[in-house]
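> Mind looking over this structure? Questions follow.
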Amino acid sequence: MRSNTILKTSDDGRFDLASILLREIDEATSTLNACLGELEEVLARPEFETSALTSVRLRLAGIRLTRGPLITRVSEFLSGRVTEAEKAALDNLRTSHQRILQAATAHTSKWTLEAIGNDWDNYRRETRALVSRWRSKSDQDAQLIHPLIRRAAGR
């Protein structure tokens with residue numbers, strides 16, 4: 001989900017936090033989707049290519065590390081500006097982020113390069129399932145967060 005958010009400035013010329021957060025969410029989602037697309041291209045190859053897969057896995061690890069702090073900043077911005085039901089949804093978002101991180105970490109631990117080389121077909125099947133979950137979660141996150149930030153910012 002891409003909103004083409006334009007950074008808005010306040011009366012004193014500074015960028016407002018809501019615009020910055022919306023832009024960061026859009027960029028994070030775009031980066032994640034591009035990287036997952038690259039991973040899907042690597043998974044479509046009939047043979048395991050160590051360097052191509054390692055490169056994508058390293059980029060995904062970096063993305064996983066940046067999404068958590070972004071979710072925290074969004075939650076802090078929205079603190080006190082959402083209903084109890086929306087707060088519960090945001091809490092669930094943080095919890096689901098932790099779950100997907102744990103699933104990705106377990107997947108990476110299970111699937112060492114040697115294990116992947118020994119069972120490329122099963123690795124691809126399991127990785128595609130994880131990618132599907134991750135894409136779905138990313139889309140749901142954006143659908144929840146965008147309207148809340150806009151409303152909290154009075155837009």
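Letters A, B, ... mark the chains of the structure tokens in the order given; residue numbers begin at 1 per chain; ligand numbers begin at 1, in order shown.
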I'd like the neighbourhood of A:Gly117 as a ChimeraX atom specification, where a residue qualifies if any of its atoms comes within 12 Å (using only C-alpha atoms), though same-chain residues fewer than 3 positions away should be ignored.
/A:46-50,53,111-114,120-124
> For A:Gln140, work out the shell of residues within 12 Å, counting only C-alpha atoms and skipping chain neighbours fewer than 3 positions away, then give it as an mmCIF file with C-alpha atoms, in the first residue's frame.

```
data_model
loop_
_atom_site.group_PDB
_atom_site.id
_atom_site.type_symbol
_atom_site.label_atom_id
_atom_site.label_comp_id
_atom_site.auth_asym_id
_atom_site.auth_seq_id
_atom_site.Cartn_x
_atom_site.Cartn_y
_atom_site.Cartn_z
ATOM 1 C CA MET A 1 0.000 0.000 0.000
ATOM 2 C CA THR A 29 6.545 -1.321 3.151
ATOM 3 C CA ALA A 89 -5.319 -3.369 17.691
ATOM 4 C CA LEU A 90 -1.965 -1.554 17.984
ATOM 5 C CA ASN A 92 -1.847 -6.792 18.671
ATOM 6 C CA LEU A 93 0.264 -5.303 15.868
ATOM 7 C CA SER A 96 2.196 -10.024 15.823
ATOM 8 C CA HIS A 97 5.438 -8.272 14.851
ATOM 9 C CA ARG A 133 2.405 -14.363 6.048
ATOM 10 C CA TRP A 134 4.860 -11.466 6.090
ATOM 11 C CA ARG A 135 3.253 -9.728 3.084
ATOM 12 C CA SER A 136 -0.203 -10.130 4.577
ATOM 13 C CA LYS A 137 0.930 -8.741 7.916
ATOM 14 C CA GLN A 143 -4.222 -0.466 6.593
ATOM 15 C CA LEU A 144 -4.482 -0.048 10.367
ATOM 16 C CA ILE A 145 -1.806 2.579 10.889
ATOM 17 C CA HIS A 146 -2.396 5.030 8.022
ATOM 18 C CA PRO A 147 -5.922 6.101 9.018
#
```
> Nearest to A:Thr66 among A:Ala129, A:Ala142, A:Ala28, A:Leu21, with distances taken over only C-alpha atoms: which residue is it?
A:Ala28
> What's the 7 Å shell around A:Ala153, counting only C-alpha atoms, without same-chain residues fewer than 3 positions away, as number ranges by chain?
A: 18, 149-150
> Between atom CA of A:Leu39 and atom CA of A:Val56, measure the distance and give it in Å to one decimal.
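Answer for the atom CA of A:Leu39 to atom CA of A:Val56 separation: 6.1 Å.
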> What's around A:Gly80 at 12 Å? Count only C-alpha atoms, leave out sequence neighbours fewer than 6 positions away in its own chain, and write the answer as a list in words.
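Once the nearby chain positions are removed, what remains is Val74, Glu86, Lys87, Leu148 and Ala152 of chain A.
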> Just checking: using only C-alpha atoms, which residue out of A:Ala104, A:Leu60, A:Ile116, A:Val82 ends up closest to A:Ala34?
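Answer, going by the shortest atom-to-atom distance: A:Leu60.
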> For atom CA of A:Arg81 and atom CA of A:Ser19, quote the distance in Å rounded to one decimal.
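One can read the atom CA of A:Arg81 to atom CA of A:Ser19 distance as 16.0 Å.
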> What's around A:Glu40 at 9 Å? Count only C-alpha atoms, leave out sequence neighbours fewer than 6 positions away in its own chain, and write the answer as number ranges by chain.
A: 124, 127-128, 131
> Write to file, as a CSV table (one decimal), in the first residue's frame, the residues of the selection just made, with C-alpha atoms.

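selection_8.csv, freshly written:
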```
chain,number,residue,atom,x,y,z
A,124,ARG,CA,11.3,-23.0,-1.0
A,127,THR,CA,9.9,-19.9,2.8
A,128,ARG,CA,7.0,-19.1,0.4
A,131,VAL,CA,6.7,-14.7,2.8
```
